[in-house]
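Source file: protein_29.txt. Holds: compact mmCIF, C-alpha atoms.
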# COMPACT_ATOMS: atom_id res chain seq x y z
CA MET R 1 -17.23 36.92 -72.00
CA ARG R 2 -16.49 33.45 -70.73
CA TRP R 3 -13.67 34.19 -68.34
CA ILE R 4 -12.44 37.24 -66.54
CA TRP R 5 -8.80 38.14 -66.74
CA ILE R 6 -8.87 41.46 -64.89
CA ASP R 7 -9.59 41.86 -61.19
CA LYS R 8 -11.32 45.22 -61.01
CA PHE R 9 -11.67 48.63 -62.56
CA LEU R 10 -9.97 51.58 -60.91
CA GLU R 11 -11.41 54.19 -63.28
CA PHE R 12 -14.13 54.06 -65.90
CA LYS R 13 -15.18 57.05 -67.99
CA SER R 14 -17.95 55.99 -70.33
CA GLY R 15 -16.98 56.18 -74.00
CA GLN R 16 -13.54 57.55 -73.18
CA TYR R 17 -11.12 55.57 -71.04
CA ALA R 18 -10.81 52.87 -68.41
CA VAL R 19 -8.14 51.70 -66.01
CA ALA R 20 -8.27 48.11 -64.80
CA LEU R 21 -6.07 46.23 -62.37
CA LYS R 22 -4.81 42.67 -62.38
CA ASN R 23 -2.86 40.89 -59.69
CA VAL R 24 -0.55 38.18 -60.97
CA THR R 25 -0.19 35.13 -58.73
CA LEU R 26 1.75 31.92 -58.81
CA ALA R 27 -1.58 30.18 -58.26
CA GLU R 28 -2.16 30.68 -62.00
CA GLU R 29 -1.19 27.26 -63.24
CA HIS R 30 0.16 28.29 -66.61
CA LEU R 31 2.96 30.16 -64.84
CA HIS R 32 4.32 26.80 -63.65
CA ASP R 33 5.01 25.92 -67.26
CA HIS R 34 5.80 29.39 -68.55
CA PHE R 35 8.56 28.80 -67.66
CA PRO R 36 9.66 26.12 -65.16
CA GLY R 37 11.80 27.92 -62.61
CA PHE R 38 11.21 31.27 -64.33
CA PRO R 39 7.54 32.19 -64.11
CA VAL R 40 6.57 35.17 -66.28
CA MET R 41 3.15 36.28 -67.50
CA PRO R 42 2.73 35.28 -71.18
CA GLU R 43 2.50 38.31 -73.46
CA CYS R 44 -0.59 36.89 -75.16
CA LEU R 45 -2.37 37.03 -71.79
CA MET R 46 -1.35 40.67 -71.39
CA ILE R 47 -3.08 41.26 -74.71
CA GLU R 48 -6.12 39.36 -73.40
CA ALA R 49 -6.22 41.56 -70.31
CA MET R 50 -6.09 44.67 -72.50
CA ALA R 51 -8.75 43.19 -74.80
CA GLN R 52 -11.06 42.70 -71.82
CA THR R 53 -10.42 46.20 -70.46
CA GLY R 54 -10.89 47.79 -73.89
CA GLY R 55 -13.69 45.43 -74.92
CA ILE R 56 -15.79 46.29 -71.88
CA LEU R 57 -15.07 50.00 -72.44
CA VAL R 58 -16.22 49.72 -76.06
CA GLY R 59 -19.23 47.56 -75.17
CA GLU R 60 -20.40 49.92 -72.46
CA ALA R 61 -20.14 52.86 -74.86
CA ARG R 62 -23.00 51.26 -76.83
CA ASN R 63 -24.82 50.11 -73.70
CA PHE R 64 -23.81 46.48 -74.33
CA THR R 65 -26.11 46.19 -77.32
CA GLU R 66 -23.24 45.20 -79.65
CA LYS R 67 -21.35 41.93 -79.70
CA VAL R 68 -17.82 43.23 -79.38
CA ILE R 69 -15.02 40.92 -80.42
CA LEU R 70 -11.29 41.44 -80.76
CA ALA R 71 -10.63 41.80 -84.47
CA LYS R 72 -7.06 43.00 -84.83
CA ILE R 73 -3.94 43.57 -82.79
CA LYS R 74 -2.67 46.81 -84.28
CA LYS R 75 0.36 47.03 -82.06
CA ALA R 76 1.85 45.08 -79.17
CA VAL R 77 5.24 46.07 -77.79
CA PHE R 78 6.53 44.67 -74.50
CA TYR R 79 9.23 46.34 -72.43
CA HIS R 80 9.46 44.27 -69.23
CA TYR R 81 8.56 40.86 -67.79
CA VAL R 82 5.61 40.55 -65.43
CA CYS R 83 6.17 38.12 -62.56
CA PRO R 84 4.05 36.52 -59.78
CA GLY R 85 3.36 39.07 -57.08
CA ASP R 86 3.18 41.94 -59.55
CA THR R 87 0.18 44.21 -59.82
CA ILE R 88 -0.35 45.58 -63.30
CA THR R 89 -2.74 48.30 -64.39
CA LEU R 90 -4.30 48.37 -67.85
CA HIS R 91 -5.03 51.81 -69.28
CA ALA R 92 -7.30 51.79 -72.33
CA ARG R 93 -8.54 54.82 -74.25
CA ILE R 94 -11.06 54.79 -77.10
CA GLU R 95 -9.41 56.25 -80.20
CA SER R 96 -12.31 55.80 -82.62
CA ILE R 97 -15.74 54.28 -82.47
CA ALA R 98 -18.12 53.72 -85.38
CA PRO R 99 -21.26 51.63 -85.94
CA GLU R 100 -19.15 48.70 -87.18
CA ALA R 101 -16.03 48.84 -85.05
CA ALA R 102 -13.85 50.62 -82.53
CA SER R 103 -10.17 51.04 -81.84
CA ILE R 104 -8.41 51.55 -78.52
CA ASP R 105 -4.93 52.54 -77.54
CA GLY R 106 -3.61 51.03 -74.34
CA GLU R 107 -0.71 50.86 -71.97
CA ILE R 108 0.14 48.34 -69.28
CA MET R 109 1.92 49.79 -66.26
CA ARG R 110 3.51 48.32 -63.14
CA GLY R 111 3.75 51.26 -60.82
CA PRO R 112 5.66 53.89 -62.78
CA ASP R 113 7.12 51.37 -65.27
CA ARG R 114 5.62 50.97 -68.68
CA ILE R 115 5.30 47.24 -69.36
CA ALA R 116 3.59 47.28 -72.74
CA HIS R 117 1.95 49.41 -75.42
CA ILE R 118 -0.99 47.66 -77.01
CA SER R 119 -3.45 48.99 -79.63
CA LEU R 120 -6.45 46.92 -80.59
CA MET R 121 -9.43 46.95 -82.93
CA PHE R 122 -12.80 45.53 -82.03
CA SER R 123 -15.55 44.56 -84.41
CA HIS R 124 -19.27 44.90 -83.73
CA ILE R 125 -19.92 41.61 -85.44
CA ASP R 126 -23.60 42.03 -86.25
CA LYS R 127 -22.64 45.07 -88.35
CA ASN R 128 -19.95 43.17 -90.24
CA LEU R 129 -19.66 39.75 -91.84
CA ALA R 130 -22.76 40.38 -93.93
CA GLY R 131 -24.96 37.36 -94.39
CA LYS R 132 -23.71 35.46 -91.36
CA GLN R 133 -26.16 34.99 -88.55
CA PHE R 134 -25.24 35.15 -84.90
CA PRO R 135 -27.36 34.25 -81.88
CA GLU R 136 -29.78 36.92 -80.73
CA GLU R 137 -28.43 37.05 -77.21
CA ASN R 138 -25.25 38.94 -76.48
CA PHE R 139 -22.92 36.03 -75.81
CA VAL R 140 -19.95 38.37 -75.43
CA PHE R 141 -21.20 40.29 -72.43
CA THR R 142 -22.72 38.01 -69.86
CA ASP R 143 -23.56 39.07 -66.33
CA MET R 144 -20.31 37.44 -65.17
CA PHE R 145 -18.49 40.70 -65.34
CA ASN R 146 -21.35 42.81 -64.01
CA SER R 147 -19.65 43.15 -60.65
CA LEU R 148 -16.57 44.63 -62.31
CA LEU R 149 -18.53 47.72 -63.25
CA THR R 150 -20.44 48.09 -60.00
CA GLY R 151 -20.04 51.62 -58.78
CA PHE R 152 -18.77 52.88 -62.14
CA VAL R 153 -21.77 52.49 -64.41
CA GLU R 154 -25.30 53.26 -63.41
CA ARG R 155 -27.20 51.56 -66.17
CA PRO R 156 -27.71 47.86 -65.63
CA VAL R 157 -26.13 45.27 -67.88
CA PRO R 158 -28.87 43.48 -69.83
CA ALA R 159 -29.64 40.12 -68.30
CA GLU R 160 -29.20 36.96 -70.34
CA PRO R 161 -32.50 35.80 -71.84
CA ALA R 162 -34.07 32.69 -70.36
CA PRO R 163 -33.10 29.56 -72.31
CA MET Z 1 -4.24 75.78 -97.37
CA ALA Z 2 -4.75 73.08 -99.96
CA MET Z 3 -2.54 70.01 -99.66
CA SER Z 4 -0.66 68.80 -102.70
CA ARG Z 5 -1.44 65.38 -104.08
CA ASP Z 6 2.12 64.28 -103.30
CA ASP Z 7 1.75 65.25 -99.66
CA ILE Z 8 -1.54 63.40 -99.45
CA PHE Z 9 -0.01 60.32 -101.10
CA GLU Z 10 2.86 60.32 -98.60
CA GLN Z 11 0.48 60.46 -95.65
CA VAL Z 12 -1.81 57.82 -97.13
CA LYS Z 13 1.28 55.68 -97.62
CA ASP Z 14 2.20 56.08 -93.94
CA VAL Z 15 -1.34 55.08 -92.97
CA LEU Z 16 -1.22 51.96 -95.13
CA VAL Z 17 2.28 50.98 -94.01
CA ASP Z 18 1.18 51.15 -90.37
CA ALA Z 19 -2.24 49.57 -90.84
CA LEU Z 20 -1.08 46.67 -93.01
CA GLY Z 21 2.47 46.16 -91.78
CA LEU Z 22 4.07 46.99 -95.14
CA ASP Z 23 7.37 48.32 -96.40
CA ASP Z 24 7.34 51.81 -97.90
CA ASP Z 25 8.15 50.40 -101.33
CA ASP Z 26 5.04 48.20 -101.38
CA VAL Z 27 2.72 51.19 -101.58
CA THR Z 28 2.37 52.42 -105.15
CA GLU Z 29 -0.53 54.34 -106.71
CA ASP Z 30 -1.65 51.29 -108.68
CA ALA Z 31 -1.45 48.75 -105.85
CA THR Z 32 -4.78 47.17 -104.91
CA LEU Z 33 -5.49 47.12 -101.20
CA MET Z 34 -6.70 43.54 -101.07
CA GLY Z 35 -4.82 41.82 -103.88
CA ASP Z 36 -1.44 43.53 -103.65
CA LEU Z 37 -1.33 44.81 -100.09
CA GLY Z 38 -3.19 41.97 -98.37
CA ALA Z 39 -5.90 44.03 -96.66
CA GLU Z 40 -8.76 42.12 -95.04
CA SER Z 41 -12.19 43.44 -94.12
CA ILE Z 42 -11.25 44.65 -90.64
CA ASP Z 43 -8.25 46.44 -92.14
CA PHE Z 44 -10.61 48.67 -94.12
CA LEU Z 45 -12.08 49.94 -90.86
CA ASP Z 46 -8.61 50.37 -89.42
CA ILE Z 47 -7.62 52.38 -92.51
CA VAL Z 48 -10.76 54.53 -92.23
CA PHE Z 49 -10.01 55.31 -88.56
CA ARG Z 50 -6.39 56.14 -89.34
CA LEU Z 51 -7.31 58.39 -92.29
CA GLU Z 52 -9.75 60.30 -90.10
CA LYS Z 53 -7.01 60.91 -87.56
CA ALA Z 54 -4.23 61.69 -90.03
CA PHE Z 55 -6.22 64.19 -92.10
CA ASN Z 56 -8.72 65.32 -89.47
CA ILE Z 57 -11.65 64.39 -91.70
CA LYS Z 58 -14.81 62.32 -91.31
CA VAL Z 59 -14.86 59.20 -93.47
CA PRO Z 60 -18.10 57.23 -93.62
CA ARG Z 61 -16.94 53.73 -94.55
CA GLU Z 62 -19.66 53.26 -97.15
CA GLU Z 63 -18.47 56.40 -98.88
CA LEU Z 64 -14.87 55.26 -99.31
CA PHE Z 65 -15.67 51.57 -99.84
CA PRO Z 66 -19.26 51.46 -101.09
CA ALA Z 67 -18.99 48.28 -103.16
CA GLU Z 68 -20.40 46.04 -100.44
CA ALA Z 69 -23.73 47.84 -100.51
CA VAL Z 70 -23.85 47.50 -104.29
CA MET Z 71 -22.91 43.82 -104.28
CA ASN Z 72 -25.62 42.93 -101.80
CA ASN Z 73 -28.35 44.41 -103.98
CA PRO Z 74 -29.76 41.86 -106.49
CA GLU Z 75 -30.72 44.70 -108.84
CA PHE Z 76 -27.04 45.58 -109.25
CA VAL Z 77 -25.57 42.09 -109.63
CA SER Z 78 -26.72 39.33 -111.93
CA GLY Z 79 -24.97 36.09 -112.94
CA GLY Z 80 -21.76 37.07 -111.22
CA LYS Z 81 -21.57 40.36 -113.15
CA VAL Z 82 -22.38 43.88 -112.11
CA THR Z 83 -25.38 45.04 -114.18
CA PRO Z 84 -25.41 48.33 -116.11
CA LYS Z 85 -27.57 49.74 -113.34
CA GLY Z 86 -25.01 48.54 -110.80
CA LEU Z 87 -22.20 50.14 -112.80
CA ALA Z 88 -24.08 53.42 -112.84
CA GLU Z 89 -24.49 53.13 -109.09
CA LEU Z 90 -20.77 52.43 -108.63
CA ARG Z 91 -19.91 55.41 -110.84
CA SER Z 92 -22.03 57.75 -108.79
CA ARG Z 93 -20.86 56.39 -105.45
CA MET Z 94 -17.17 56.03 -106.33
CA PRO Z 95 -16.20 59.20 -108.20
CA HIS Z 96 -12.71 58.77 -106.71
CA THR Z 97 -12.22 55.47 -108.54
CA ASN Z 98 -11.25 54.73 -112.11
CA LEU Z 99 -13.80 52.19 -113.37
CA SER Z 100 -12.76 52.04 -117.03
CA THR Z 101 -11.01 48.64 -116.87
CA PHE Z 102 -13.64 47.12 -114.62
CA GLU Z 103 -16.46 48.20 -116.93
CA LYS Z 104 -15.06 46.02 -119.73
CA ASP Z 105 -15.49 42.91 -117.60
CA PRO Z 106 -17.58 43.76 -114.53
CA ASP Z 107 -16.96 40.43 -112.81
CA VAL Z 108 -18.07 40.64 -109.17
CA ASN Z 109 -14.90 38.85 -108.10
CA LYS Z 110 -12.85 41.67 -109.55
CA ILE Z 111 -14.62 44.37 -107.61
CA ALA Z 112 -11.89 44.16 -104.96
CA ASP Z 113 -9.40 45.41 -107.56
CA LEU Z 114 -11.20 48.77 -107.56
CA PHE Z 115 -9.80 49.58 -104.16
CA THR Z 116 -6.43 50.97 -105.15
CA VAL Z 117 -4.08 53.27 -103.34
CA SER Z 118 -4.79 56.00 -105.89
CA ALA Z 119 -8.55 55.69 -105.22
CA VAL Z 120 -7.87 56.33 -101.54
CA VAL Z 121 -5.63 59.31 -102.38
CA ASN Z 122 -8.33 60.71 -104.70
CA PHE Z 123 -10.94 60.30 -102.01
CA VAL Z 124 -8.82 62.08 -99.39
CA GLU Z 125 -7.90 64.81 -101.86
CA ASN Z 126 -11.59 65.55 -102.43
CA LYS Z 127 -12.27 65.60 -98.71
CA VAL Z 128 -9.28 67.74 -97.76
CA ASN Z 129 -9.29 70.20 -100.64
CA GLY Z 130 -13.03 70.17 -101.30

Rendering of file as structure tokens:
Amino acid sequence: MRWIWIDKFLEFKSGQYAVALKNVTLAEEHLHDHFPGFPVMPECLMIEAMAQTGGILVGEARNFTEKVILAKIKKAVFYHYVCPGDTITLHARIESIAPEAASIDGEIMRGPDRIAHISLMFSHIDKNLAGKQFPEENFVFTDMFNSLLTGFVERPVPAEPAP
Amino acid sequence: MAMSRDDIFEQVKDVLVDALGLDDDDVTEDATLMGDLGAESIDFLDIVFRLEKAFNIKVPREELFPAEAVMNNPEFVSGGKVTPKGLAELRSRMPHTNLSTFEKDPDVNKIADLFTVSAVVNFVENKVNG
């Protein structure tokens, strides 16, 4: 994972569900353009936040041995704008998990208000795309997000191999 | 209690409409998942997950869609055609699928046409009703 789009986990139940939190701030430069004078969080970045919450949940369920990538947006419905100063929580629950893939169902909340309903599918890419070769190392889960899971998960995240 | 084939078809239709973003009318028994309904590889996994949930059954992907395993075996494919041995393998692994047209011209590129809505319904019917 090259960049982190959630701030911390509030709950993490291995193989079952996770709740992550993100604070939205006007220091995020894209909000200056989306839109000038009317800053709102782009919906695609809400999907990204859910993909990170769900992707880490799915990756952890297999002890980060799989390269988990977002494969399909099954559903994405948005009910409210998210503005600078808002705190949103991302609730992801594993619906199904198999050797090749997993699906999650998620909701984004702001306090009691439901902001979005997002369902995603993730692919374990080494088990799909037969014949294509990917690097040995797990380039999806780097130690960048290790701190996110501190206190929630006891097993260590595998370190990146030396170059 | 055994489910009727019509009931199973209706639920399979709902699964496909949701998974592939279709209209109800698109889903006919003869429609092919890839050619007619536009399914891609990840959609097959989505469909498998949704079938498991809708019918409360376990669906190993290679059981419902076993062609990949056959195609990747050089014994079963030669010169772009599925060999007689490969056809026998398909027959034993895909009892829910009608292979009669495919057997006349077992072109590997046409293997995707085997995945029809009725094959999925047959598969679920066997699982649900034994």

Near chain Z, 12 Å: chain R residue rows, closest pairs, only C-alpha atoms, as CSV:
residue,atom,partner,partner_atom,distance
R:Ile69,CA,Z:Ile42,CA,11.5
R:Leu70,CA,Z:Ile42,CA,10.4
R:Ala71,CA,Z:Ile42,CA,6.8
R:Lys72,CA,Z:Ile42,CA,7.4
R:Ile73,CA,Z:Ala19,CA,10.2
R:Lys74,CA,Z:Ala19,CA,7.1
R:Lys75,CA,Z:Asp18,CA,9.3
R:Ile94,CA,Z:Phe49,CA,11.5
R:Glu95,CA,Z:Phe49,CA,8.4
R:Ser96,CA,Z:Phe49,CA,6.4
R:Ile97,CA,Z:Phe49,CA,8.4
R:Ala98,CA,Z:Phe49,CA,8.9
R:Pro99,CA,Z:Arg61,CA,9.9
R:Glu100,CA,Z:Leu45,CA,8.1
R:Ala101,CA,Z:Leu45,CA,7.1
R:Ala102,CA,Z:Leu45,CA,8.5
R:Ser103,CA,Z:Asp46,CA,7.8
R:Ile104,CA,Z:Phe49,CA,10.8
R:Ser119,CA,Z:Asp46,CA,11.2
R:Leu120,CA,Z:Asp46,CA,9.7
R:Met121,CA,Z:Asp46,CA,7.4
R:Phe122,CA,Z:Ile42,CA,8.8
R:Ser123,CA,Z:Ile42,CA,7.6
R:His124,CA,Z:Ile42,CA,10.6
R:Ile125,CA,Z:Ile42,CA,10.6
R:Lys127,CA,Z:Ile42,CA,11.6
R:Asn128,CA,Z:Ser41,CA,8.7
R:Leu129,CA,Z:Ser41,CA,8.6
R:Ala130,CA,Z:Asn72,CA,8.8
R:Gly131,CA,Z:Asn72,CA,9.3

Find the spatial neighbours of Ala112 (chain Z), counting all atoms listed in the file, within a cut-off of 9 Å - ignore same-chain residues fewer than 2 positions away - and output them as a PyMOL selection string.
-> chain Z and resi 32-35+67+108-110+114-116

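The spacing separating CA of Ser14 (chain R) from CA of Leu57 (chain R) amounts to 7.0 Å.
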
CA of Glu43 (chain R) to CA of Asn23 (chain R) measures 15.0 Å

Neighbour residues at most 8 Å from (-6.6, 49.9, -67.9) (only C-alpha atoms) as a PyMOL selection string = chain R and resi 9-11+17-21+50+53-54+89-92+106-108

Could you check how far CA of Val70 (chain Z) sits from CA of Gly86 (chain Z), in Å to one decimal?
->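 Atom-to-atom, CA of Val70 (chain Z) to CA of Gly86 (chain Z), that is 6.7 Å.
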
For Ala31 (chain Z), work out the shell of residues within 12 Å, counting all atoms listed in the file and skipping chain neighbours fewer than 3 positions away, then give it as a PyMOL selection string.
-> chain Z and resi 13+16+25-28+34-39+112-121

Okay, now the selection with C-alpha atoms, as a PDB file, in the frame of the given file?
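New file result05.pdb:
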ATOM      1  CA  LYS Z  13       1.280  55.680 -97.620  1.00  0.00           C
ATOM      2  CA  LEU Z  16      -1.220  51.960 -95.130  1.00  0.00           C
ATOM      3  CA  ASP Z  25       8.150  50.400-101.330  1.00  0.00           C
ATOM      4  CA  ASP Z  26       5.040  48.200-101.380  1.00  0.00           C
ATOM      5  CA  VAL Z  27       2.720  51.190-101.580  1.00  0.00           C
ATOM      6  CA  THR Z  28       2.370  52.420-105.150  1.00  0.00           C
ATOM      7  CA  MET Z  34      -6.700  43.540-101.070  1.00  0.00           C
ATOM      8  CA  GLY Z  35      -4.820  41.820-103.880  1.00  0.00           C
ATOM      9  CA  ASP Z  36      -1.440  43.530-103.650  1.00  0.00           C
ATOM     10  CA  LEU Z  37      -1.330  44.810-100.090  1.00  0.00           C
ATOM     11  CA  GLY Z  38      -3.190  41.970 -98.370  1.00  0.00           C
ATOM     12  CA  ALA Z  39      -5.900  44.030 -96.660  1.00  0.00           C
ATOM     13  CA  ALA Z 112     -11.890  44.160-104.960  1.00  0.00           C
ATOM     14  CA  ASP Z 113      -9.400  45.410-107.560  1.00  0.00           C
ATOM     15  CA  LEU Z 114     -11.200  48.770-107.560  1.00  0.00           C
ATOM     16  CA  PHE Z 115      -9.800  49.580-104.160  1.00  0.00           C
ATOM     17  CA  THR Z 116      -6.430  50.970-105.150  1.00  0.00           C
ATOM     18  CA  VAL Z 117      -4.080  53.270-103.340  1.00  0.00           C
ATOM     19  CA  SER Z 118      -4.790  56.000-105.890  1.00  0.00           C
ATOM     20  CA  ALA Z 119      -8.550  55.690-105.220  1.00  0.00           C
ATOM     21  CA  VAL Z 120      -7.870  56.330-101.540  1.00  0.00           C
ATOM     22  CA  VAL Z 121      -5.630  59.310-102.380  1.00  0.00           C
TER      23      VAL Z 121
END

Do a neighbour search on Gly85 (chain R) at 9 Å with all atoms listed in the file, toss out local chain neighbours closer than 4 positions, and write the hits as a list in words.
->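 Selected residues are Asn23, Val24, Thr25 and Leu26 of chain R.
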